[in-house]
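All remarks here apply to the structure that follows.
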Amino acid sequence: MTRGRRPRTGTEPVTAYSALRLRLLLSGIFVPFFAAVTTAFAVWWAASDSGDQPSPAELGRLTLGCAVLTLLAAIDLVVVLRRRRAQREGRDRLTPPPP
């Protein structure tokens with residue numbers, strides 16, 4: 001059994017990259033959006049009582065879910081920015097580093 005990448009099986013390009021500009025745009029939109037929604041849910045959660053609908057437990061889960069989405073979008077934003085900087089500097093992931 002080989003380790004690492006599986007051998008190519010189709011006609012996919014050898015040097016395929018994801019659409020970094022689109023990922024940058026989407027991450028740039030969704031980081032502040034999810035951060036604002038997380039903040040709104042957290043404020044609502046802090047102001048809710050045990051008899052309210054939705055319950056504080058449900059609001060806590062919504063807050064946690066939005067916080068996780070914010071974190072994932074922020075991580076993707078960092079990854080995209082690093083890849084774009086590497087492309088600008090001429091580094092390619094398929095070429096070995098210079099000696």
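Scheme for the structure tokens: letters A, B, ... for chains in order shown; per-chain residue numbers from 1; ligand numbers from 1 in order shown.
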
Please identify the alpha helix (DSSP H) residues within region 17-80 of chain A (assignment by DSSP from backbone atoms) and present them as a PyMOL selection string.
chain A and resi 20-47+56-80

With N, CA and C atoms kept, could you save the residues just selected as a compact mmCIF listing (two decimals), in the first residue's frame?
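Output file part.txt follows:
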```txt
# COMPACT_ATOMS: atom_id res chain seq x y z
N LEU A 20 -9.23 30.78 -5.41
CA LEU A 20 -8.81 31.54 -4.23
C LEU A 20 -9.53 32.88 -4.12
N ARG A 21 -9.78 33.53 -5.24
CA ARG A 21 -10.48 34.82 -5.17
C ARG A 21 -11.89 34.65 -4.64
N LEU A 22 -12.58 33.60 -5.08
CA LEU A 22 -13.93 33.34 -4.59
C LEU A 22 -13.91 32.98 -3.11
N ARG A 23 -12.97 32.15 -2.71
CA ARG A 23 -12.86 31.79 -1.29
C ARG A 23 -12.52 33.03 -0.44
N LEU A 24 -11.68 33.90 -0.97
CA LEU A 24 -11.34 35.13 -0.25
C LEU A 24 -12.57 36.01 -0.09
N LEU A 25 -13.35 36.15 -1.16
CA LEU A 25 -14.57 36.94 -1.11
C LEU A 25 -15.56 36.36 -0.10
N LEU A 26 -15.80 35.06 -0.19
CA LEU A 26 -16.77 34.43 0.72
C LEU A 26 -16.31 34.49 2.17
N SER A 27 -15.04 34.23 2.43
CA SER A 27 -14.54 34.32 3.79
C SER A 27 -14.60 35.76 4.30
N GLY A 28 -14.28 36.71 3.43
CA GLY A 28 -14.35 38.12 3.82
C GLY A 28 -15.76 38.57 4.16
N ILE A 29 -16.74 37.97 3.52
CA ILE A 29 -18.14 38.30 3.82
C ILE A 29 -18.61 37.58 5.08
N PHE A 30 -18.29 36.29 5.18
CA PHE A 30 -18.88 35.48 6.24
C PHE A 30 -18.20 35.60 7.60
N VAL A 31 -16.94 36.00 7.67
CA VAL A 31 -16.32 36.20 8.99
C VAL A 31 -17.05 37.30 9.75
N PRO A 32 -17.22 38.50 9.18
CA PRO A 32 -17.95 39.52 9.95
C PRO A 32 -19.43 39.17 10.14
N PHE A 33 -20.04 38.51 9.14
CA PHE A 33 -21.45 38.15 9.27
C PHE A 33 -21.65 37.18 10.43
N PHE A 34 -20.88 36.09 10.45
CA PHE A 34 -21.03 35.12 11.53
C PHE A 34 -20.61 35.71 12.88
N ALA A 35 -19.64 36.60 12.89
CA ALA A 35 -19.25 37.25 14.15
C ALA A 35 -20.40 38.12 14.68
N ALA A 36 -21.07 38.84 13.78
CA ALA A 36 -22.20 39.67 14.21
C ALA A 36 -23.37 38.82 14.69
N VAL A 37 -23.64 37.72 13.98
CA VAL A 37 -24.73 36.83 14.40
C VAL A 37 -24.39 36.17 15.74
N THR A 38 -23.14 35.78 15.92
CA THR A 38 -22.71 35.20 17.19
C THR A 38 -22.91 36.20 18.32
N THR A 39 -22.54 37.45 18.09
CA THR A 39 -22.71 38.49 19.10
C THR A 39 -24.19 38.71 19.41
N ALA A 40 -25.02 38.74 18.38
CA ALA A 40 -26.46 38.94 18.58
C ALA A 40 -27.06 37.79 19.39
N PHE A 41 -26.70 36.56 19.05
CA PHE A 41 -27.21 35.42 19.80
C PHE A 41 -26.69 35.43 21.24
N ALA A 42 -25.45 35.83 21.44
CA ALA A 42 -24.89 35.88 22.79
C ALA A 42 -25.61 36.92 23.65
N VAL A 43 -25.91 38.07 23.08
CA VAL A 43 -26.64 39.11 23.82
C VAL A 43 -28.06 38.62 24.13
N TRP A 44 -28.71 38.00 23.16
CA TRP A 44 -30.05 37.47 23.36
C TRP A 44 -30.04 36.38 24.42
N TRP A 45 -29.01 35.53 24.38
CA TRP A 45 -28.87 34.45 25.36
C TRP A 45 -28.68 35.01 26.76
N ALA A 46 -27.88 36.06 26.89
CA ALA A 46 -27.62 36.66 28.21
C ALA A 46 -28.88 37.32 28.76
N ALA A 47 -29.75 37.83 27.90
CA ALA A 47 -30.95 38.53 28.35
C ALA A 47 -32.16 37.61 28.52
N PRO A 56 -32.89 29.25 26.94
CA PRO A 56 -31.47 29.64 27.00
C PRO A 56 -30.53 28.54 26.50
N ALA A 57 -30.90 27.28 26.70
CA ALA A 57 -30.05 26.20 26.20
C ALA A 57 -30.00 26.21 24.67
N GLU A 58 -31.14 26.44 24.04
CA GLU A 58 -31.16 26.51 22.58
C GLU A 58 -30.37 27.70 22.07
N LEU A 59 -30.50 28.83 22.75
CA LEU A 59 -29.73 30.02 22.35
C LEU A 59 -28.24 29.78 22.54
N GLY A 60 -27.87 29.05 23.57
CA GLY A 60 -26.46 28.72 23.78
C GLY A 60 -25.92 27.86 22.66
N ARG A 61 -26.72 26.88 22.21
CA ARG A 61 -26.29 26.04 21.09
C ARG A 61 -26.18 26.87 19.80
N LEU A 62 -27.13 27.77 19.57
CA LEU A 62 -27.04 28.64 18.39
C LEU A 62 -25.80 29.53 18.44
N THR A 63 -25.52 30.06 19.61
CA THR A 63 -24.33 30.90 19.78
C THR A 63 -23.06 30.10 19.52
N LEU A 64 -23.00 28.89 20.07
CA LEU A 64 -21.83 28.05 19.85
C LEU A 64 -21.68 27.68 18.38
N GLY A 65 -22.78 27.34 17.73
CA GLY A 65 -22.72 26.99 16.31
C GLY A 65 -22.23 28.14 15.45
N CYS A 66 -22.72 29.34 15.72
CA CYS A 66 -22.26 30.50 14.96
C CYS A 66 -20.79 30.83 15.26
N ALA A 67 -20.38 30.61 16.50
CA ALA A 67 -18.98 30.85 16.86
C ALA A 67 -18.06 29.87 16.11
N VAL A 68 -18.49 28.63 15.99
CA VAL A 68 -17.71 27.64 15.24
C VAL A 68 -17.63 28.03 13.77
N LEU A 69 -18.74 28.47 13.19
CA LEU A 69 -18.73 28.92 11.79
C LEU A 69 -17.83 30.13 11.60
N THR A 70 -17.82 31.05 12.57
CA THR A 70 -16.93 32.20 12.51
C THR A 70 -15.47 31.75 12.51
N LEU A 71 -15.15 30.80 13.38
CA LEU A 71 -13.79 30.29 13.46
C LEU A 71 -13.38 29.60 12.16
N LEU A 72 -14.26 28.78 11.60
CA LEU A 72 -13.93 28.10 10.35
C LEU A 72 -13.73 29.09 9.20
N ALA A 73 -14.56 30.10 9.13
CA ALA A 73 -14.41 31.11 8.08
C ALA A 73 -13.10 31.90 8.27
N ALA A 74 -12.75 32.19 9.51
CA ALA A 74 -11.50 32.92 9.78
C ALA A 74 -10.29 32.06 9.42
N ILE A 75 -10.34 30.76 9.74
CA ILE A 75 -9.24 29.87 9.37
C ILE A 75 -9.10 29.80 7.86
N ASP A 76 -10.20 29.69 7.15
CA ASP A 76 -10.15 29.64 5.69
C ASP A 76 -9.58 30.94 5.14
N LEU A 77 -9.95 32.06 5.73
CA LEU A 77 -9.41 33.35 5.29
C LEU A 77 -7.89 33.39 5.44
N VAL A 78 -7.38 32.91 6.55
CA VAL A 78 -5.93 32.88 6.78
C VAL A 78 -5.25 31.95 5.77
N VAL A 79 -5.83 30.79 5.52
CA VAL A 79 -5.25 29.84 4.56
C VAL A 79 -5.20 30.46 3.16
N VAL A 80 -6.29 31.09 2.75
CA VAL A 80 -6.34 31.70 1.43
C VAL A 80 -5.31 32.82 1.31
```

Just to confirm, what's the straight-line distance from CA of Arg85 (chain A) to CA of Thr11 (chain A) in Å (one decimal)?
28.4 Å
